[in-house]
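Shown next: model.cif, containing mmCIF, C-alpha atoms (C1' of nucleotides).
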data_query
#
loop_
_atom_site.label_atom_id
_atom_site.label_comp_id
_atom_site.auth_asym_id
_atom_site.auth_seq_id
_atom_site.Cartn_x
_atom_site.Cartn_y
_atom_site.Cartn_z
CA MET A 1 0.00 0.00 0.00
CA THR A 2 1.45 3.30 -1.04
CA THR A 3 -0.08 6.26 0.68
CA GLU A 4 -0.61 8.82 -2.04
CA LEU A 5 -0.24 12.30 -0.68
CA SER A 6 -1.32 15.52 -2.29
CA MET A 7 1.38 17.57 -3.99
CA THR A 8 1.17 20.09 -1.19
CA GLY A 9 1.77 17.28 1.25
CA TYR A 10 4.99 16.32 -0.51
CA ALA A 11 5.97 19.96 -0.74
CA LEU A 12 5.65 20.42 3.02
CA LEU A 13 7.49 17.18 3.64
CA GLY A 14 10.26 18.52 1.43
CA LEU A 15 10.50 21.72 3.42
CA LEU A 16 10.80 19.69 6.61
CA VAL A 17 13.55 17.49 5.19
CA PHE A 18 15.37 20.58 4.14
CA ASP A 19 15.01 22.12 7.55
CA ALA A 20 16.37 19.01 9.24
CA ARG A 21 19.76 19.63 7.64
CA THR A 22 20.35 22.78 9.62
CA SER A 23 18.32 22.27 12.76
CA ASP A 24 16.80 19.43 14.72
CA GLU A 25 14.07 21.33 16.50
CA GLY A 26 11.62 20.94 13.67
CA MET A 27 9.31 23.66 12.44
CA THR A 28 5.95 25.03 13.50
CA GLY A 29 3.06 25.36 11.10
CA TYR A 30 3.58 29.09 11.23
CA GLU A 31 7.21 28.78 10.20
CA LEU A 32 6.29 26.43 7.37
CA LYS A 33 3.90 29.04 6.05
CA GLN A 34 6.69 31.62 5.99
CA ARG A 35 9.00 29.22 4.24
CA ALA A 36 6.33 28.40 1.70
CA ASP A 37 5.90 32.10 1.01
CA LEU A 38 9.57 32.29 0.11
CA THR A 39 9.72 29.27 -2.14
CA LEU A 40 6.61 27.30 -2.98
CA ARG A 41 4.66 30.42 -3.80
CA TYR A 42 6.43 30.89 -7.10
CA TYR A 43 6.05 27.39 -8.54
CA TRP A 44 3.15 25.98 -6.69
CA VAL A 45 0.96 27.82 -4.23
CA SER A 46 1.47 29.07 -0.76
CA PRO A 47 -1.22 27.16 1.10
CA ALA A 48 -3.40 28.96 3.62
CA MET A 49 -2.43 28.50 7.28
CA SER A 50 -5.48 26.40 7.90
CA GLN A 51 -4.47 24.14 5.04
CA ILE A 52 -0.98 23.73 6.45
CA TYR A 53 -2.27 22.68 9.85
CA THR A 54 -4.69 20.27 8.24
CA GLU A 55 -1.96 18.79 6.08
CA LEU A 56 0.41 18.48 9.02
CA ASP A 57 -2.23 16.54 10.90
CA ARG A 58 -2.58 14.19 7.98
CA LEU A 59 1.18 13.71 7.67
CA HIS A 60 1.31 13.06 11.38
CA GLY A 61 -1.46 10.50 11.14
CA LEU A 62 0.58 8.67 8.52
CA ASP A 63 3.71 8.84 10.70
CA LEU A 64 5.52 10.80 8.06
CA VAL A 65 6.23 13.54 10.56
CA GLU A 66 6.52 13.56 14.33
CA ALA A 67 5.14 16.34 16.44
CA PHE A 68 6.15 17.59 19.83
CA GLU A 69 4.58 20.29 21.83
CA THR A 70 6.67 22.95 23.47
CA HIS A 71 5.68 25.56 26.00
CA GLU A 72 7.69 28.69 26.44
CA GLY A 73 5.87 30.67 29.03
CA LYS A 74 2.17 30.27 28.35
CA ARG A 75 2.58 29.99 24.63
CA ARG A 76 1.99 26.58 23.16
CA SER A 77 3.45 25.50 19.88
CA ARG A 78 3.80 22.28 17.98
CA HIS A 79 7.07 21.56 16.23
CA PHE A 80 7.17 19.08 13.42
CA ARG A 81 10.07 16.98 12.27
CA VAL A 82 10.18 14.54 9.38
CA THR A 83 10.44 10.89 10.41
CA GLU A 84 12.58 8.24 8.78
CA HIS A 85 9.39 6.90 7.23
CA GLY A 86 8.63 10.37 5.89
CA ARG A 87 12.05 10.62 4.31
CA GLU A 88 11.58 7.25 2.64
CA GLU A 89 8.17 8.21 1.34
CA LEU A 90 9.53 11.43 -0.13
CA HIS A 91 12.35 9.54 -1.82
CA ARG A 92 9.93 7.00 -3.16
CA TRP A 93 7.82 9.78 -4.61
CA LEU A 94 10.80 11.53 -6.15
CA HIS A 95 11.80 8.35 -7.90
CA THR A 96 8.33 7.56 -9.18
CA PRO A 97 7.92 8.70 -12.76
CA ALA A 98 5.47 11.56 -12.41
CA ALA A 99 2.38 10.65 -14.37
CA GLU A 100 1.10 13.77 -16.06
CA ALA A 101 3.47 16.28 -14.61
CA PHE A 102 2.66 19.10 -16.94
CA PRO A 103 2.27 22.52 -15.34
CA VAL A 104 -1.08 24.19 -15.02
CA LEU A 105 -1.14 27.89 -15.70
CA LYS A 106 -4.08 30.00 -14.60
CA HIS A 107 -3.45 33.26 -16.33
CA PRO A 108 -6.26 35.78 -15.85
CA VAL A 109 -4.50 38.35 -18.03
CA ALA A 110 -4.18 35.98 -20.98
CA LEU A 111 -7.80 34.98 -20.45
CA ARG A 112 -8.89 38.60 -20.70
CA LEU A 113 -6.67 39.24 -23.67
CA LEU A 114 -8.45 36.43 -25.46
CA MET A 115 -11.52 38.66 -25.34
CA GLY A 116 -9.64 41.83 -26.13
CA ALA A 117 -11.84 42.44 -29.17
CA LEU A 118 -14.78 43.03 -26.82
CA SER A 119 -12.94 45.93 -25.29
CA ASP A 120 -10.86 48.76 -26.73
CA PRO A 121 -7.10 49.08 -27.25
CA GLU A 122 -6.68 51.61 -24.40
CA THR A 123 -8.29 49.29 -21.89
CA VAL A 124 -6.40 46.26 -23.14
CA ASP A 125 -3.20 48.22 -22.89
CA SER A 126 -4.01 49.13 -19.30
CA TRP A 127 -4.45 45.45 -18.39
CA LEU A 128 -1.03 44.74 -19.75
CA ALA A 129 0.50 47.76 -18.03
CA ASP A 130 -0.94 46.66 -14.68
CA TYR A 131 0.34 43.17 -15.25
CA LEU A 132 3.84 44.44 -16.03
CA GLU A 133 3.89 46.35 -12.77
CA GLN A 134 2.90 43.31 -10.77
CA LEU A 135 5.42 41.30 -12.69
CA GLU A 136 8.20 43.68 -11.66
CA ARG A 137 7.23 43.42 -8.02
CA HIS A 138 7.15 39.64 -8.10
CA ARG A 139 10.43 39.56 -9.94
CA ALA A 140 12.07 41.78 -7.37
CA ASP A 141 10.78 39.57 -4.55
CA LEU A 142 12.10 36.46 -6.22
CA GLN A 143 15.40 38.20 -6.94
CA GLY A 144 15.64 38.83 -3.21
CA VAL A 145 15.14 35.13 -2.55
CA ARG A 146 17.76 34.30 -5.14
CA GLU A 147 20.26 36.55 -3.43
CA LEU A 148 19.45 35.06 -0.07
CA LEU A 149 20.51 31.69 -1.44
CA ALA A 150 23.78 33.13 -2.76
CA ASP A 151 25.91 30.35 -4.19
CA ARG A 152 25.89 28.05 -1.22
CA HIS A 153 26.25 24.51 -2.45
CA GLU A 154 23.60 23.12 -0.07
CA VAL A 155 20.94 25.28 -1.67
CA ARG A 156 21.97 24.94 -5.29
CA TYR A 157 18.68 23.34 -6.29
CA PRO A 158 16.46 26.00 -4.75
CA ALA A 159 18.77 28.54 -6.39
CA ARG A 160 18.26 26.90 -9.77
CA VAL A 161 14.52 26.91 -9.34
CA ALA A 162 14.66 30.58 -8.39
CA GLU A 163 16.60 31.27 -11.57
CA TRP A 164 14.02 29.33 -13.53
CA GLY A 165 11.39 31.60 -12.05
CA LEU A 166 13.36 34.72 -12.87
CA SER A 167 13.81 33.66 -16.44
CA TYR A 168 10.08 33.00 -16.66
CA TYR A 169 9.33 36.51 -15.42
CA ASP A 170 11.79 37.94 -17.91
CA ALA A 171 10.17 36.07 -20.77
CA GLU A 172 6.77 37.32 -19.66
CA ARG A 173 7.97 40.89 -19.55
CA GLU A 174 9.42 40.64 -23.00
CA ILE A 175 6.38 39.19 -24.70
CA VAL A 176 3.96 41.47 -22.87
CA GLU A 177 5.96 44.50 -23.93
CA LYS A 178 5.84 43.28 -27.49
CA LEU A 179 2.08 42.80 -27.27
CA ARG A 180 1.67 46.30 -25.87
CA THR A 181 3.51 47.86 -28.78
CA GLU A 182 1.36 45.92 -31.17
CA ILE A 183 -1.87 46.86 -29.45
CA ARG A 184 -0.94 50.49 -29.09
CA SER A 185 -0.31 50.64 -32.82
CA GLU A 186 -4.04 50.03 -33.22
CA LEU A 187 -4.77 53.35 -31.59
CA ASP A 188 -4.18 55.42 -34.71
CA MET B 1 -26.39 43.81 -7.41
CA THR B 2 -23.52 42.50 -9.47
CA THR B 3 -23.53 38.77 -9.88
CA GLU B 4 -19.94 37.70 -9.48
CA LEU B 5 -19.22 34.74 -11.67
CA SER B 6 -16.27 32.39 -11.46
CA MET B 7 -13.48 32.92 -13.98
CA THR B 8 -14.56 29.80 -15.77
CA GLY B 9 -18.05 31.27 -16.02
CA TYR B 10 -16.71 34.36 -17.75
CA ALA B 11 -14.51 32.22 -19.95
CA LEU B 12 -17.47 30.20 -21.19
CA LEU B 13 -19.50 33.35 -21.68
CA GLY B 14 -16.62 34.65 -23.76
CA LEU B 15 -16.61 31.57 -25.95
CA LEU B 16 -20.33 31.98 -26.54
CA VAL B 17 -19.99 35.65 -27.48
CA PHE B 18 -17.28 34.68 -29.88
CA ASP B 19 -19.39 31.96 -31.40
CA ALA B 20 -22.29 34.34 -31.90
CA ARG B 21 -20.26 36.29 -34.45
CA THR B 22 -20.22 33.44 -36.90
CA SER B 23 -23.36 31.51 -36.10
CA ASP B 24 -26.65 32.06 -34.38
CA GLU B 25 -27.46 28.50 -33.45
CA GLY B 26 -25.54 28.64 -30.22
CA MET B 27 -23.33 25.87 -28.90
CA THR B 28 -23.88 22.66 -26.98
CA GLY B 29 -21.97 21.88 -23.82
CA TYR B 30 -20.09 19.28 -25.77
CA GLU B 31 -18.99 21.82 -28.36
CA LEU B 32 -17.93 24.24 -25.66
CA LYS B 33 -15.71 21.56 -24.21
CA GLN B 34 -14.00 21.10 -27.56
CA ARG B 35 -13.54 24.81 -27.97
CA ALA B 36 -12.12 25.07 -24.47
CA ASP B 37 -9.64 22.33 -25.32
CA LEU B 38 -8.40 24.44 -28.19
CA THR B 39 -8.06 27.70 -26.33
CA LEU B 40 -8.72 27.92 -22.61
CA ARG B 41 -6.59 24.89 -21.91
CA TYR B 42 -3.36 26.78 -22.43
CA TYR B 43 -4.03 29.79 -20.22
CA TRP B 44 -6.63 28.62 -17.85
CA VAL B 45 -7.97 25.10 -17.59
CA SER B 46 -10.20 23.03 -19.75
CA PRO B 47 -13.05 22.30 -17.37
CA ALA B 48 -14.48 18.81 -17.14
CA MET B 49 -17.68 18.17 -19.06
CA SER B 50 -19.64 17.95 -15.85
CA GLN B 51 -18.29 21.32 -14.81
CA ILE B 52 -19.34 22.85 -18.11
CA TYR B 53 -22.90 21.63 -17.80
CA THR B 54 -23.07 22.84 -14.22
CA GLU B 55 -21.71 26.24 -15.18
CA LEU B 56 -24.12 26.52 -18.11
CA ASP B 57 -27.01 25.85 -15.76
CA ARG B 58 -25.81 28.62 -13.51
CA LEU B 59 -25.40 31.06 -16.41
CA HIS B 60 -28.86 30.13 -17.58
CA GLY B 61 -30.29 30.70 -14.12
CA LEU B 62 -28.82 34.19 -14.19
CA ASP B 63 -30.24 34.84 -17.68
CA LEU B 64 -26.78 35.35 -19.07
CA VAL B 65 -27.39 32.65 -21.64
CA GLU B 66 -30.52 31.28 -23.23
CA ALA B 67 -31.01 27.61 -23.89
CA PHE B 68 -33.08 25.83 -26.46
CA GLU B 69 -33.55 22.18 -26.93
CA THR B 70 -33.28 20.60 -30.31
CA HIS B 71 -34.13 17.11 -31.45
CA GLU B 72 -32.62 15.61 -34.53
CA GLY B 73 -33.96 12.14 -34.73
CA LYS B 74 -34.03 10.78 -31.21
CA ARG B 75 -30.99 12.69 -30.06
CA ARG B 76 -31.63 15.54 -27.70
CA SER B 77 -29.27 18.44 -27.32
CA ARG B 78 -29.34 21.82 -25.66
CA HIS B 79 -27.88 24.76 -27.53
CA PHE B 80 -26.79 27.83 -25.62
CA ARG B 81 -26.61 31.38 -26.84
CA VAL B 82 -25.43 34.43 -24.94
CA THR B 83 -28.20 36.92 -24.10
CA GLU B 84 -27.98 40.68 -24.26
CA HIS B 85 -27.70 40.65 -20.48
CA GLY B 86 -24.83 38.17 -20.75
CA ARG B 87 -23.01 40.41 -23.17
CA GLU B 88 -23.40 43.35 -20.85
CA GLU B 89 -22.18 41.38 -17.89
CA LEU B 90 -19.09 40.25 -19.79
CA HIS B 91 -18.35 43.83 -20.82
CA ARG B 92 -18.81 45.01 -17.29
CA TRP B 93 -16.36 42.40 -16.09
CA LEU B 94 -13.81 43.25 -18.76
CA HIS B 95 -13.90 46.88 -17.72
CA THR B 96 -13.63 46.17 -14.03
CA PRO B 97 -10.03 46.53 -12.87
CA ALA B 98 -9.09 42.97 -12.05
CA ALA B 99 -8.23 42.82 -8.39
CA GLU B 100 -5.30 40.46 -7.95
CA ALA B 101 -4.96 39.24 -11.46
CA PHE B 102 -1.60 37.61 -11.08
CA PRO B 103 -1.21 34.19 -12.69
CA VAL B 104 -0.96 31.05 -10.63
CA LEU B 105 1.53 28.51 -11.81
CA LYS B 106 1.39 24.95 -10.58
CA HIS B 107 4.62 23.51 -11.79
CA PRO B 108 5.25 19.95 -10.59
CA VAL B 109 8.62 19.81 -12.33
CA ALA B 110 9.91 22.93 -10.61
CA LEU B 111 8.55 21.58 -7.33
CA ARG B 112 10.54 18.39 -7.78
CA LEU B 113 13.62 20.24 -8.86
CA LEU B 114 13.48 22.15 -5.59
CA MET B 115 14.22 18.83 -3.92
CA GLY B 116 16.75 17.73 -6.49
CA ALA B 117 19.38 17.33 -3.80
CA LEU B 118 17.39 14.41 -2.38
CA SER B 119 17.83 12.57 -5.63
CA ASP B 120 20.73 12.11 -8.00
CA PRO B 121 21.74 14.04 -11.13
CA GLU B 122 20.70 11.19 -13.48
CA THR B 123 17.19 11.11 -12.10
CA VAL B 124 16.86 14.87 -12.05
CA ASP B 125 18.03 14.97 -15.64
CA SER B 126 15.39 12.44 -16.58
CA TRP B 127 12.64 14.60 -15.06
CA LEU B 128 13.79 17.47 -17.20
CA ALA B 129 14.09 15.30 -20.30
CA ASP B 130 10.52 14.05 -19.83
CA TYR B 131 9.33 17.57 -19.32
CA LEU B 132 11.01 18.75 -22.51
CA GLU B 133 9.26 16.04 -24.46
CA GLN B 134 5.87 17.01 -23.11
CA LEU B 135 6.71 20.62 -23.77
CA GLU B 136 7.40 19.87 -27.43
CA ARG B 137 4.08 18.09 -27.78
CA HIS B 138 2.15 20.93 -26.19
CA ARG B 139 4.01 23.45 -28.27
CA ALA B 140 3.18 21.60 -31.46
CA ASP B 141 -0.50 21.47 -30.48
CA LEU B 142 -0.57 25.17 -29.78
CA GLN B 143 1.30 25.87 -33.00
CA GLY B 144 -1.50 24.04 -34.77
CA VAL B 145 -4.05 26.29 -33.11
CA ARG B 146 -2.02 29.34 -34.07
CA GLU B 147 -1.99 28.25 -37.70
CA LEU B 148 -5.71 27.62 -37.62
CA LEU B 149 -6.22 31.25 -36.67
CA ALA B 150 -3.99 32.41 -39.54
CA ASP B 151 -4.01 36.20 -39.72
CA ARG B 152 -7.73 36.72 -39.86
CA HIS B 153 -8.50 40.06 -38.32
CA GLU B 154 -11.51 38.78 -36.35
CA VAL B 155 -9.32 36.40 -34.39
CA ARG B 156 -6.32 38.65 -33.86
CA TYR B 157 -6.68 38.53 -30.08
CA PRO B 158 -6.81 34.74 -29.80
CA ALA B 159 -3.86 34.69 -32.19
CA ARG B 160 -1.91 37.00 -29.92
CA VAL B 161 -2.66 34.87 -26.90
CA ALA B 162 -1.53 31.81 -28.83
CA GLU B 163 1.72 33.58 -29.61
CA TRP B 164 2.10 34.47 -25.97
CA GLY B 165 1.76 30.80 -25.17
CA LEU B 166 4.27 29.79 -27.80
CA SER B 167 6.80 32.26 -26.49
CA TYR B 168 6.24 30.89 -23.01
CA TYR B 169 6.94 27.36 -24.20
CA ASP B 170 10.05 28.57 -25.98
CA ALA B 171 11.33 30.26 -22.85
CA GLU B 172 10.67 27.10 -20.86
CA ARG B 173 12.59 24.99 -23.34
CA GLU B 174 15.52 27.33 -23.24
CA ILE B 175 15.86 27.50 -19.48
CA VAL B 176 15.26 23.79 -19.01
CA GLU B 177 17.96 22.96 -21.54
CA LYS B 178 20.33 25.26 -19.68
CA LEU B 179 19.47 23.56 -16.39
CA ARG B 180 20.08 20.16 -17.94
CA THR B 181 23.56 21.10 -19.07
CA GLU B 182 24.31 22.40 -15.63
CA ILE B 183 23.01 19.31 -13.89
CA ARG B 184 24.73 16.90 -16.24
CA SER B 185 28.01 18.63 -15.51
CA GLU B 186 27.62 17.29 -11.97
CA LEU B 187 27.90 13.77 -13.28
CA ASP B 188 31.68 13.76 -13.50
"C1'" DT C 1 -21.97 -5.60 -35.18
"C1'" DG C 2 -19.42 -3.05 -32.51
"C1'" DT C 3 -16.70 0.98 -31.47
"C1'" DA C 4 -15.82 5.87 -31.56
"C1'" DG C 5 -17.86 10.03 -31.15
"C1'" DC C 6 -21.98 12.90 -29.78
"C1'" DA C 7 -24.59 14.32 -25.92
"C1'" DT C 8 -26.18 14.96 -21.09
"C1'" DG C 9 -26.22 14.59 -16.62
"C1'" DT C 10 -25.72 13.04 -11.00
"C1'" DA C 11 -22.97 11.88 -6.84
"C1'" DA C 12 -19.07 11.68 -4.06
"C1'" DG C 13 -15.29 13.67 -2.63
"C1'" DC C 14 -10.69 16.41 -2.57
"C1'" DC C 15 -8.25 20.42 -2.16
"C1'" DG C 16 -8.17 24.68 -0.92
"C1'" DT C 17 -9.97 29.31 0.48
"C1'" DT C 18 -12.23 32.78 3.56
"C1'" DA C 19 -14.24 33.83 7.71
"C1'" DC C 20 -14.30 33.17 12.33
"C1'" DA C 21 -12.37 32.40 16.98
"C1'" DT C 22 -8.79 32.49 20.52
"C1'" DG C 23 -4.91 33.76 22.93
"C1'" DA C 24 0.38 34.97 24.06
"C1'" DT C 25 4.45 37.92 23.38
"C1'" DT C 26 7.32 41.74 21.78
"C1'" DG C 27 8.33 46.22 21.18
"C1'" DA C 28 7.17 51.15 19.88
"C1'" DT D 1 -1.29 50.48 25.90
"C1'" DC D 2 -1.87 49.16 21.52
"C1'" DA D 3 -0.43 47.07 17.27
"C1'" DA D 4 2.18 43.63 15.04
"C1'" DT D 5 3.66 39.19 15.13
"C1'" DC D 6 3.55 34.44 16.80
"C1'" DA D 7 0.65 30.54 17.07
"C1'" DT D 8 -3.29 27.28 16.44
"C1'" DG D 9 -7.26 25.83 15.10
"C1'" DT D 10 -12.78 25.04 13.30
"C1'" DA D 11 -16.66 25.75 10.03
"C1'" DA D 12 -18.63 26.73 5.83
"C1'" DC D 13 -18.35 26.53 1.37
"C1'" DG D 14 -16.65 26.90 -3.68
"C1'" DG D 15 -14.67 24.94 -7.61
"C1'" DC D 16 -13.33 21.24 -9.80
"C1'" DT D 17 -12.36 16.27 -10.76
"C1'" DT D 18 -13.47 11.35 -11.11
"C1'" DA D 19 -16.54 7.87 -11.32
"C1'" DC D 20 -20.79 6.48 -12.63
"C1'" DA D 21 -24.96 6.20 -15.54
"C1'" DT D 22 -27.53 6.65 -19.85
"C1'" DG D 23 -28.55 6.65 -24.61
"C1'" DC D 24 -28.14 7.98 -29.82
"C1'" DT D 25 -25.64 8.00 -34.34
"C1'" DA D 26 -22.22 7.27 -37.90
"C1'" DC D 27 -19.23 4.38 -39.93
"C1'" DA D 28 -15.79 0.72 -40.54
#
As a first step, turn the structure in this file into structure tokens.
Amino acid sequence: MTTELSMTGYALLGLLVFDARTSDEGMTGYELKQRADLTLRYYWVSPAMSQIYTELDRLHGLDLVEAFETHEGKRRSRHFRVTEHGREELHRWLHTPAAEAFPVLKHPVALRLLMGALSDPETVDSWLADYLEQLERHRADLQGVRELLADRHEVRYPARVAEWGLSYYDAEREIVEKLRTEIRSELD
Amino acid sequence: MTTELSMTGYALLGLLVFDARTSDEGMTGYELKQRADLTLRYYWVSPAMSQIYTELDRLHGLDLVEAFETHEGKRRSRHFRVTEHGREELHRWLHTPAAEAFPVLKHPVALRLLMGALSDPETVDSWLADYLEQLERHRADLQGVRELLADRHEVRYPARVAEWGLSYYDAEREIVEKLRTEIRSELD
DNA sequence: TGTAGCATGTAAGCCGTTACATGATTGA
DNA sequence: TCAATCATGTAACGGCTTACATGCTACA
């Protein structure tokens, strides 16, 4: 019997394995959320807090993580650490050929552009301009993450993924700028 | 009162508006699915049949589309056509500044790559190789769609979105090939 | 004659979000 | 003292998928 987890489950398990290399205290759900905001967010999703706690409970039920409660003062927190079984399960998953692993893109801007003819060039151009602004912000955030990782060998894979993301943002900027020029030329 | 629809709702409405420019018979749910497979799939999702029928019922309930049943022989089918109210609603939506319109990317390959250190370079390379293959297939499909649209003025927006998609696939191929070279260099 | 494609739907269930609810600690 | 941050959870619900169920029609 192979316990199939959700992608998000494996993602969290991965964060915990990663954490275990620099600390043995484990991580709280809260900390996992912060970590997810720095990494997962760009290539997957950053799950809601409630989702993280739910998922951690599931992982715990499957003995893929162990939990221990700590009390500093009156504040209670649960720290999670990946178990040997959890490590094995993650490895198993990583070595299982990923059936249908193609990315899903939900691109509201492209969706709107599809219906551009129902609007006017000025409006369409403003969608693209707004998108470019957001793109810059996201790019800058990710650039920050990239710099945080520096060229430390232990984090070379996260660094590569960050670079992947940056190159994606760059490609988006380029094509969107091209589209803007084209659409603005319709204004005459 | 502004009836907020789901994105998929607006997407289907858009397909129906588009259809109305070349035909006035409307479209069946089945046909909408096929159309979605040709367009929406690349920038949004292609909803399951059941989802399409559900969504059509909702749109009908809101008087955004009208339905009429036809019988050819013993086969029953429901054809849907956008109503004036539906058109207005779509226009309203298109001219509403899209709060948080940033794309969501669910990229299983990037997610795995993040954990590349838990595997070995050969395996990681094989993930990327598989991904490249799938990428080529998707690109070819989308290229087919692009050619179908030719340079007919009425479909210039869909054509632009198709080109956007193609450039995205190209950027993916480029970065993934770069990553492969880098990872294979670890094999020595 | 049988299979692929046309055509429509219901039911169960997963994954994830938002809203709600609670409370401790740190620091301005 | 008040806001921000740390910290954990429950409830309701939306969107979407898969599995299931049904039946017609064209054509090889």
Interface list for chain A, partner chain D, 8 Å threshold, all atoms listed in the file, as a ChimeraX atom specification
/A:30,50,53,75-77
Using all atoms listed in the file, can you tell me which of C:DA12, C:DG27, C:DT3, C:DA19 comes closest to chain A?
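Ranking C:DA12, C:DG27, C:DT3, C:DA19 by distance to chain A, first place goes to C:DA19.
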So, counting all atoms listed in the file, which residue among A:Lys106, A:Arg184, A:Arg81, A:His71 is closest to chain C?
A:His71
Please report as a tab-separated table every residue of chain B lying within 7 Å of chain A, along with the nearest atom pair and their distance in Å (one decimal), using all atoms listed in the file.
residue	atom	partner	partner_atom	distance
B:Gly14	CA	A:Met115	CA	6.7
B:Tyr43	CA	A:His107	CA	5.2
B:Trp44	CA	A:Lys106	CA	4.4
B:Val45	CA	A:Lys106	CA	6.9
B:Ala101	CA	A:Pro108	CA	5.7
B:Phe102	CA	A:Pro108	CA	6.9
B:Pro103	CA	A:His107	CA	4.4
B:Val104	CA	A:Lys106	CA	5.2
B:Leu105	CA	A:Leu105	CA	4.8
B:Lys106	CA	A:Trp44	CA	4.4
B:His107	CA	A:Pro103	CA	4.4
B:Pro108	CA	A:Ala101	CA	5.7
B:Val109	CA	A:Ala101	CA	6.6
B:Ala110	CA	A:Val161	CA	6.2
B:Leu111	CA	A:Tyr43	CA	6.4
B:Leu113	CA	A:Tyr157	CA	6.5
B:Leu114	CA	A:Pro158	CA	4.9
B:Met115	CA	A:Gly14	CA	6.7
B:Gly116	CA	A:Tyr157	CA	5.9
B:Ala117	CA	A:Tyr157	CA	6.5
B:Tyr157	CA	A:Leu114	CA	5.4
B:Pro158	CA	A:Leu114	CA	4.9
B:Val161	CA	A:Leu114	CA	6.2
B:Trp164	CA	A:Ile175	CA	6.5
B:Tyr168	CA	A:Ala171	CA	6.9
B:Ala171	CA	A:Ala171	CA	6.3
B:Ile175	CA	A:Trp164	CA	6.5
Generate a file of the selected residues that holds C-alpha atoms, formatted as a short mmCIF file (atom, residue, chain, number, x, y, z; two decimals), in the coordinates of the input.
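The resulting selection00.cif:
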data_model
loop_
_atom_site.label_atom_id
_atom_site.label_comp_id
_atom_site.auth_asym_id
_atom_site.auth_seq_id
_atom_site.Cartn_x
_atom_site.Cartn_y
_atom_site.Cartn_z
CA GLY B 14 -16.62 34.65 -23.76
CA TYR B 43 -4.03 29.79 -20.22
CA TRP B 44 -6.63 28.62 -17.85
CA VAL B 45 -7.97 25.10 -17.59
CA ALA B 101 -4.96 39.24 -11.46
CA PHE B 102 -1.60 37.61 -11.08
CA PRO B 103 -1.21 34.19 -12.69
CA VAL B 104 -0.96 31.05 -10.63
CA LEU B 105 1.53 28.51 -11.81
CA LYS B 106 1.39 24.95 -10.58
CA HIS B 107 4.62 23.51 -11.79
CA PRO B 108 5.25 19.95 -10.59
CA VAL B 109 8.62 19.81 -12.33
CA ALA B 110 9.91 22.93 -10.61
CA LEU B 111 8.55 21.58 -7.33
CA LEU B 113 13.62 20.24 -8.86
CA LEU B 114 13.48 22.15 -5.59
CA MET B 115 14.22 18.83 -3.92
CA GLY B 116 16.75 17.73 -6.49
CA ALA B 117 19.38 17.33 -3.80
CA TYR B 157 -6.68 38.53 -30.08
CA PRO B 158 -6.81 34.74 -29.80
CA VAL B 161 -2.66 34.87 -26.90
CA TRP B 164 2.10 34.47 -25.97
CA TYR B 168 6.24 30.89 -23.01
CA ALA B 171 11.33 30.26 -22.85
CA ILE B 175 15.86 27.50 -19.48
#
Selected by the PyMOL selection byres ((chain C) within 8 of (chain B)) in the shown coordinates: which residues, as a list of chain:residue names?
C:DC6, C:DA7, C:DT8, C:DG9
Please measure the separation of CA of Leu5 in chain B and CA of Leu32 in chain B, giving the value in Å to one decimal.
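Distance reported for this atom pair: 17.5 Å.
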Please, what distance in Å, to one decimal, runs between CA of Arg35 in chain B and CA of Arg137 in chain B?
18.9 Å
Mind giving me the straight-line distance from CA of Glu72 in chain A to CA of Asp37 in chain A in Å, one decimal?
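Atom-to-atom, CA of Glu72 in chain A to CA of Asp37 in chain A, that is 25.7 Å.
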Using only C-alpha atoms for the distances, tell me which of B:Leu12, B:Thr83, B:Gly73, B:Ser46 is nearest to Asp24 in chain B.
B:Thr83
Picked residues, the PyMOL selection byres ((chain C and resi 16) around 9), expected as a ChimeraX atom specification:
/A:47-48,51 /C:14-15,17
